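As structure tokens, the structure follows; a few thoughts come after it.
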Amino acid sequence: MTNEGAVTYKGPERVFSGVQPTNGLHLGNYLGALVKFVALQERFKECIYCVVDLHAITADLDPKLLAGNTREVAAAFLAAGVDPTKSIIFVQSAVRQHTELTWIFNCVARMGWVQRMTQFKDKAGKHAERMSVGLFDYPVLMAADILAYKATHVPVGEDQTQHLELTRDIAQKFNNDFGAPGFFPLPEGLIQGPENEKYGARIMSLRDASKKMSKSDPSDQTRINLSDDADAIAHKIKKATTDPNPLPETVEGLAGRAEAENLVGIYAAVAGVSAADVLKEFGGKGFGTFKPALADLLVTKLGPIAGEMRRLMADPGSLDGILRQGAARAAAIAEPVLDDVRKIVGFWR
Ligand code: TRP
């Protein structure tokens, strides 16, 4: 892994990713993150998956809901098939090294770099002065998440590519400024998106296929929640925006038909087949045939996951045990890294 004269990083390959505990996971999180997390367990020896509650408090959040939302995301990891004997699953605020490394990175990252982040600009709109310093600093905390473990591969959505570039800039500047060539890796993204099917589908709103499926959309009809029952799923798919034409026979025929492409993409991702396979079966058929088939598939696949999540949430003691063990394993990796960082920075020890 080299980058413009950077010394090659020689450490082991390691995957790190995080999901925010803002209430309610939806199909986009499931297909975009969880399914991919499960698949990566087979490809990489070390996968670390984090519920990023420190990031969550950059938005206004009810303290009474935070721990429950955190457990819910952890339960979703497990229900989707993340195996806590293979992967590390833990809660960000339970591992102090994240915040310590954030402070050090705050002194490495330049104002100009962080000011360029489009996600902050989008979230702040015209009111940047009224936003918390934490929201501004969000991507620096993300860099610390990744680099506290010297992670080399980071599965994320397309909207996080800029944050990953910042992570690489911070890693490189730290390595250069402190005379520690190759100390931090320059982590690579495993980006999901339309052009990169193998890292998971990009799932769009059911009502407007130009927007991502999102938990912040005011209309619940735009998304399938992991907690939706069979009736809700059937209703939302039935009402999903489409065009009047039958499905095409080939993937090329989906061009310019964003709504049709989204539903075919959802079917393919949930069934674990290609869009071409879906069109082999449904090409030439109308949405009157395709939508009920899609709803049935969703109910069959998501039902058991929702059930398993309920079972896990009903036994918070076991869930917390898994998370506590995960935090201990995470800290055992991060603490030696931080100990080297303290030495490199020159702190009294
Ligand atoms: N910002 C990420 C998102 O919204 C979540 C996140 C926080 C993350 N820390 C991370 C993702 C570290 C990957 C690695 O999707």
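Labeling convention for the structure tokens: chains A, B, ... as they appear, residues from 1 per chain, ligands from 1 in order of appearance.
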Residues within 6 Å of ligand 1 (only C-alpha atoms and all ligand atoms), as a list in words? Phe16, Ser17, Gly18, Val19, Gln20, Val52, Met142, Asp145, Ile146, Val154 and Val156 of chain A
Spatial neighbours of region 130-137 of chain A, max dist 10 Å, only C-alpha atoms, sep filter under 5 positions, as a PDB file with N, CA, C and O atoms, in the first residue's frame:
```pdb
ATOM      1  N   LEU A  54     -20.271   7.921  20.020  1.00  0.00           N
ATOM      2  CA  LEU A  54     -19.662   9.257  20.141  1.00  0.00           C
ATOM      3  C   LEU A  54     -20.036  10.106  18.936  1.00  0.00           C
ATOM      4  O   LEU A  54     -20.262  11.313  19.057  1.00  0.00           O
ATOM      5  N   HIS A  55     -20.110   9.482  17.769  1.00  0.00           N
ATOM      6  CA  HIS A  55     -20.552  10.214  16.586  1.00  0.00           C
ATOM      7  C   HIS A  55     -22.028  10.594  16.700  1.00  0.00           C
ATOM      8  O   HIS A  55     -22.441  11.661  16.240  1.00  0.00           O
ATOM      9  N   ALA A  56     -22.819   9.718  17.308  1.00  0.00           N
ATOM     10  CA  ALA A  56     -24.263   9.967  17.367  1.00  0.00           C
ATOM     11  C   ALA A  56     -24.595  11.231  18.149  1.00  0.00           C
ATOM     12  O   ALA A  56     -25.563  11.922  17.825  1.00  0.00           O
ATOM     13  N   ILE A  57     -23.794  11.559  19.178  1.00  0.00           N
ATOM     14  CA  ILE A  57     -24.144  12.753  19.971  1.00  0.00           C
ATOM     15  C   ILE A  57     -23.766  14.056  19.273  1.00  0.00           C
ATOM     16  O   ILE A  57     -23.994  15.136  19.822  1.00  0.00           O
ATOM     17  N   THR A  58     -23.226  13.979  18.057  1.00  0.00           N
ATOM     18  CA  THR A  58     -23.044  15.220  17.291  1.00  0.00           C
ATOM     19  C   THR A  58     -24.389  15.739  16.786  1.00  0.00           C
ATOM     20  O   THR A  58     -24.491  16.881  16.360  1.00  0.00           O
ATOM     21  N   ALA A  59     -25.421  14.884  16.812  1.00  0.00           N
ATOM     22  CA  ALA A  59     -26.788  15.326  16.524  1.00  0.00           C
ATOM     23  C   ALA A  59     -27.547  15.381  17.852  1.00  0.00           C
ATOM     24  O   ALA A  59     -27.171  14.695  18.801  1.00  0.00           O
ATOM     25  N   THR A 102      -8.302  11.123  18.880  1.00  0.00           N
ATOM     26  CA  THR A 102      -8.958  12.259  18.221  1.00  0.00           C
ATOM     27  C   THR A 102      -8.272  13.564  18.588  1.00  0.00           C
ATOM     28  O   THR A 102      -8.014  14.409  17.736  1.00  0.00           O
ATOM     29  N   TRP A 103      -7.962  13.728  19.879  1.00  0.00           N
ATOM     30  CA  TRP A 103      -7.316  14.994  20.280  1.00  0.00           C
ATOM     31  C   TRP A 103      -5.977  15.176  19.575  1.00  0.00           C
ATOM     32  O   TRP A 103      -5.659  16.255  19.054  1.00  0.00           O
ATOM     33  N   ASN A 106      -6.570  16.089  16.113  1.00  0.00           N
ATOM     34  CA  ASN A 106      -7.021  17.484  15.996  1.00  0.00           C
ATOM     35  C   ASN A 106      -5.833  18.417  15.814  1.00  0.00           C
ATOM     36  O   ASN A 106      -5.957  19.493  15.230  1.00  0.00           O
ATOM     37  N   ALA A 109      -4.545  17.468  11.876  1.00  0.00           N
ATOM     38  CA  ALA A 109      -5.419  17.903  10.773  1.00  0.00           C
ATOM     39  C   ALA A 109      -5.406  19.431  10.678  1.00  0.00           C
ATOM     40  O   ALA A 109      -5.304  20.119  11.697  1.00  0.00           O
ATOM     41  N   MET A 111      -7.224  23.085   9.628  1.00  0.00           N
ATOM     42  CA  MET A 111      -8.570  23.669   9.523  1.00  0.00           C
ATOM     43  C   MET A 111      -9.101  23.579   8.093  1.00  0.00           C
ATOM     44  O   MET A 111     -10.252  23.227   7.857  1.00  0.00           O
ATOM     45  N   VAL A 114     -10.521  20.170   7.082  1.00  0.00           N
ATOM     46  CA  VAL A 114     -11.813  19.794   7.665  1.00  0.00           C
ATOM     47  C   VAL A 114     -12.918  20.706   7.117  1.00  0.00           C
ATOM     48  O   VAL A 114     -14.047  20.269   6.894  1.00  0.00           O
ATOM     49  N   GLN A 115     -12.553  21.959   6.853  1.00  0.00           N
ATOM     50  CA  GLN A 115     -13.535  22.896   6.284  1.00  0.00           C
ATOM     51  C   GLN A 115     -14.012  22.488   4.893  1.00  0.00           C
ATOM     52  O   GLN A 115     -15.060  22.913   4.458  1.00  0.00           O
ATOM     53  N   MET A 117     -14.924  19.512   4.068  1.00  0.00           N
ATOM     54  CA  MET A 117     -15.810  18.334   4.124  1.00  0.00           C
ATOM     55  C   MET A 117     -17.244  18.702   3.728  1.00  0.00           C
ATOM     56  O   MET A 117     -17.897  19.510   4.397  1.00  0.00           O
ATOM     57  N   GLN A 119     -19.940  16.890   3.822  1.00  0.00           N
ATOM     58  CA  GLN A 119     -21.019  16.409   4.687  1.00  0.00           C
ATOM     59  C   GLN A 119     -21.339  17.442   5.780  1.00  0.00           C
ATOM     60  O   GLN A 119     -22.511  17.687   6.069  1.00  0.00           O
ATOM     61  N   PHE A 120     -20.302  18.057   6.351  1.00  0.00           N
ATOM     62  CA  PHE A 120     -20.558  19.104   7.344  1.00  0.00           C
ATOM     63  C   PHE A 120     -21.307  20.266   6.697  1.00  0.00           C
ATOM     64  O   PHE A 120     -22.284  20.769   7.246  1.00  0.00           O
ATOM     65  N   LYS A 121     -20.852  20.670   5.523  1.00  0.00           N
ATOM     66  CA  LYS A 121     -21.507  21.809   4.855  1.00  0.00           C
ATOM     67  C   LYS A 121     -22.973  21.481   4.581  1.00  0.00           C
ATOM     68  O   LYS A 121     -23.851  22.331   4.769  1.00  0.00           O
ATOM     69  N   LYS A 123     -24.875  19.322   6.260  1.00  0.00           N
ATOM     70  CA  LYS A 123     -25.636  19.240   7.516  1.00  0.00           C
ATOM     71  C   LYS A 123     -25.835  20.617   8.128  1.00  0.00           C
ATOM     72  O   LYS A 123     -26.876  20.904   8.705  1.00  0.00           O
ATOM     73  N   ALA A 124     -24.810  21.469   8.030  1.00  0.00           N
ATOM     74  CA  ALA A 124     -24.877  22.774   8.694  1.00  0.00           C
ATOM     75  C   ALA A 124     -25.692  23.769   7.884  1.00  0.00           C
ATOM     76  O   ALA A 124     -26.301  24.672   8.438  1.00  0.00           O
ATOM     77  N   GLY A 125     -25.714  23.619   6.574  1.00  0.00           N
ATOM     78  CA  GLY A 125     -26.424  24.571   5.728  1.00  0.00           C
ATOM     79  C   GLY A 125     -25.878  25.970   5.952  1.00  0.00           C
ATOM     80  O   GLY A 125     -24.662  26.185   5.970  1.00  0.00           O
ATOM     81  N   MET A 142     -13.632  10.039  13.173  1.00  0.00           N
ATOM     82  CA  MET A 142     -13.706   8.865  12.297  1.00  0.00           C
ATOM     83  C   MET A 142     -12.304   8.380  11.912  1.00  0.00           C
ATOM     84  O   MET A 142     -12.036   7.173  11.886  1.00  0.00           O
TER      85      MET A 142
END
```
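Using only C-alpha atoms for every distance, the candidate list A:Leu294, A:Leu319, A:Leu247, A:Met309 yields A:Leu294 as the residue closest to Ala268 (chain A).
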Between CA of Gln97 (chain A) and CA of Arg342 (chain A) lies a distance of 11.3 Å
Based on the backbone DSSP call, show me all residues of region 35-283 of chain A assigned strand (DSSP E), as a list in words.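 After running DSSP on the backbone, region 35-283 of chain A has strand (DSSP E) at Cys47, Ile48, Tyr49, Cys50, Val51, Ile88, Ile89, Phe90, Val91, His153, Val154, Pro155, Val156, Gly157, Glu188, Gly189, Leu190, Ile191 and Gln192 of chain A.
Between Glu72 (chain A) and the residues A:Ala128, A:Val278, A:Ala143, A:Val51, the shortest atom-to-atom distance, using only C-alpha atoms, involves A:Val51.
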Find the spatial neighbours of Glu100 (chain A), counting only C-alpha atoms, within a cut-off of 10 Å - ignore same-chain residues fewer than 6 positions away - and output them as a list of chain:residue names.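 After dropping sequence-adjacent residues, the list is A:Leu141, A:Ala144, A:Ala148, A:Leu338, A:Arg342.
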Dump C-alpha atoms for the selected residues as a PDB file, in the first residue's frame?
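Saved as part-v6.pdb:
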```pdb
ATOM      1  CA  LEU A 141     -13.015  11.212  15.204  1.00  0.00           C
ATOM      2  CA  ALA A 144      -9.143   8.088  14.945  1.00  0.00           C
ATOM      3  CA  ALA A 148      -6.464   3.410  16.452  1.00  0.00           C
ATOM      4  CA  LEU A 338      -1.795   4.568  21.422  1.00  0.00           C
ATOM      5  CA  ARG A 342       2.326   8.786  22.955  1.00  0.00           C
TER       6      ARG A 342
END
```
With distances taken over only C-alpha atoms, which residue among A:Pro187, A:Asn245, A:Leu323, A:Leu27 lies nearest Val299 (chain A)?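 Looking only at the distances to Val299 (chain A), the closest residue turns out to be A:Leu27.
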Please measure the separation of CA of Ala255 (chain A) and CA of Thr161 (chain A), giving the value in Å to one decimal.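 These two atoms are separated by 24.9 Å.
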Considering only C-alpha atoms, return as a PDB file with C-alpha atoms, in the first residue's frame whatever protein or nucleic-acid residues lie within 12 Å of Ile89 (chain A), sequence-local ones (same chain, fewer than 4 positions apart) excluded.
```
ATOM      1  CA  VAL A  15     -11.165  -4.194   8.445  1.00  0.00           C
ATOM      2  CA  PHE A  16     -12.865  -1.462  10.496  1.00  0.00           C
ATOM      3  CA  SER A  17     -16.298   0.049  10.094  1.00  0.00           C
ATOM      4  CA  GLY A  18     -18.851   1.884  12.174  1.00  0.00           C
ATOM      5  CA  VAL A  19     -22.616   2.404  12.220  1.00  0.00           C
ATOM      6  CA  PHE A  37     -19.780  -6.861   7.099  1.00  0.00           C
ATOM      7  CA  VAL A  38     -20.821 -10.516   7.133  1.00  0.00           C
ATOM      8  CA  GLU A  46      -9.606  -9.435  11.445  1.00  0.00           C
ATOM      9  CA  CYS A  47     -12.831  -7.460  11.205  1.00  0.00           C
ATOM     10  CA  ILE A  48     -13.774  -4.823  13.776  1.00  0.00           C
ATOM     11  CA  TYR A  49     -17.316  -3.434  13.775  1.00  0.00           C
ATOM     12  CA  CYS A  50     -18.229  -0.528  16.017  1.00  0.00           C
ATOM     13  CA  VAL A  51     -21.446   1.131  17.132  1.00  0.00           C
ATOM     14  CA  VAL A  52     -20.337   4.762  16.972  1.00  0.00           C
ATOM     15  CA  THR A  70     -26.810   1.320  20.685  1.00  0.00           C
ATOM     16  CA  ARG A  71     -27.976  -2.169  21.709  1.00  0.00           C
ATOM     17  CA  VAL A  73     -27.526  -1.689  16.221  1.00  0.00           C
ATOM     18  CA  ALA A  74     -25.382  -4.294  17.971  1.00  0.00           C
ATOM     19  CA  ALA A  75     -28.318  -6.726  17.830  1.00  0.00           C
ATOM     20  CA  ALA A  76     -28.691  -6.004  14.107  1.00  0.00           C
ATOM     21  CA  PHE A  77     -24.993  -6.823  13.526  1.00  0.00           C
ATOM     22  CA  LEU A  78     -25.486 -10.177  15.241  1.00  0.00           C
ATOM     23  CA  GLY A  81     -24.732 -12.828  10.808  1.00  0.00           C
ATOM     24  CA  VAL A  82     -21.728 -10.961  12.173  1.00  0.00           C
ATOM     25  CA  ASP A  83     -20.075 -13.659  14.276  1.00  0.00           C
ATOM     26  CA  PRO A  84     -18.620 -12.344  17.555  1.00  0.00           C
ATOM     27  CA  THR A  85     -16.174 -15.248  17.689  1.00  0.00           C
ATOM     28  CA  ALA A  94     -16.397   2.002  25.806  1.00  0.00           C
ATOM     29  CA  VAL A  95     -12.893   2.251  24.314  1.00  0.00           C
ATOM     30  CA  LEU A 319     -25.906  -8.703  24.472  1.00  0.00           C
ATOM     31  CA  ASP A 320     -24.009  -6.477  26.908  1.00  0.00           C
ATOM     32  CA  GLY A 321     -21.682  -9.394  27.673  1.00  0.00           C
ATOM     33  CA  ILE A 322     -20.778  -9.697  23.995  1.00  0.00           C
ATOM     34  CA  LEU A 323     -20.228  -5.927  23.759  1.00  0.00           C
ATOM     35  CA  ARG A 324     -18.092  -5.835  26.891  1.00  0.00           C
ATOM     36  CA  GLN A 325     -15.928  -8.661  25.599  1.00  0.00           C
ATOM     37  CA  GLY A 326     -15.695  -6.868  22.254  1.00  0.00           C
ATOM     38  CA  ALA A 327     -14.569  -3.657  23.971  1.00  0.00           C
ATOM     39  CA  ALA A 328     -11.837  -5.541  25.832  1.00  0.00           C
ATOM     40  CA  ARG A 329     -10.574  -7.134  22.604  1.00  0.00           C
ATOM     41  CA  ALA A 330     -10.734  -3.775  20.813  1.00  0.00           C
ATOM     42  CA  ALA A 331      -8.812  -2.020  23.589  1.00  0.00           C
TER      43      ALA A 331
END
```
Which one of A:Phe287, A:Gly303, A:Asp53, A:Ile266 sits closest to Pro248 (chain A) if you count only C-alpha atoms?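 For Pro248 (chain A), the nearest of the given residues is A:Phe287.
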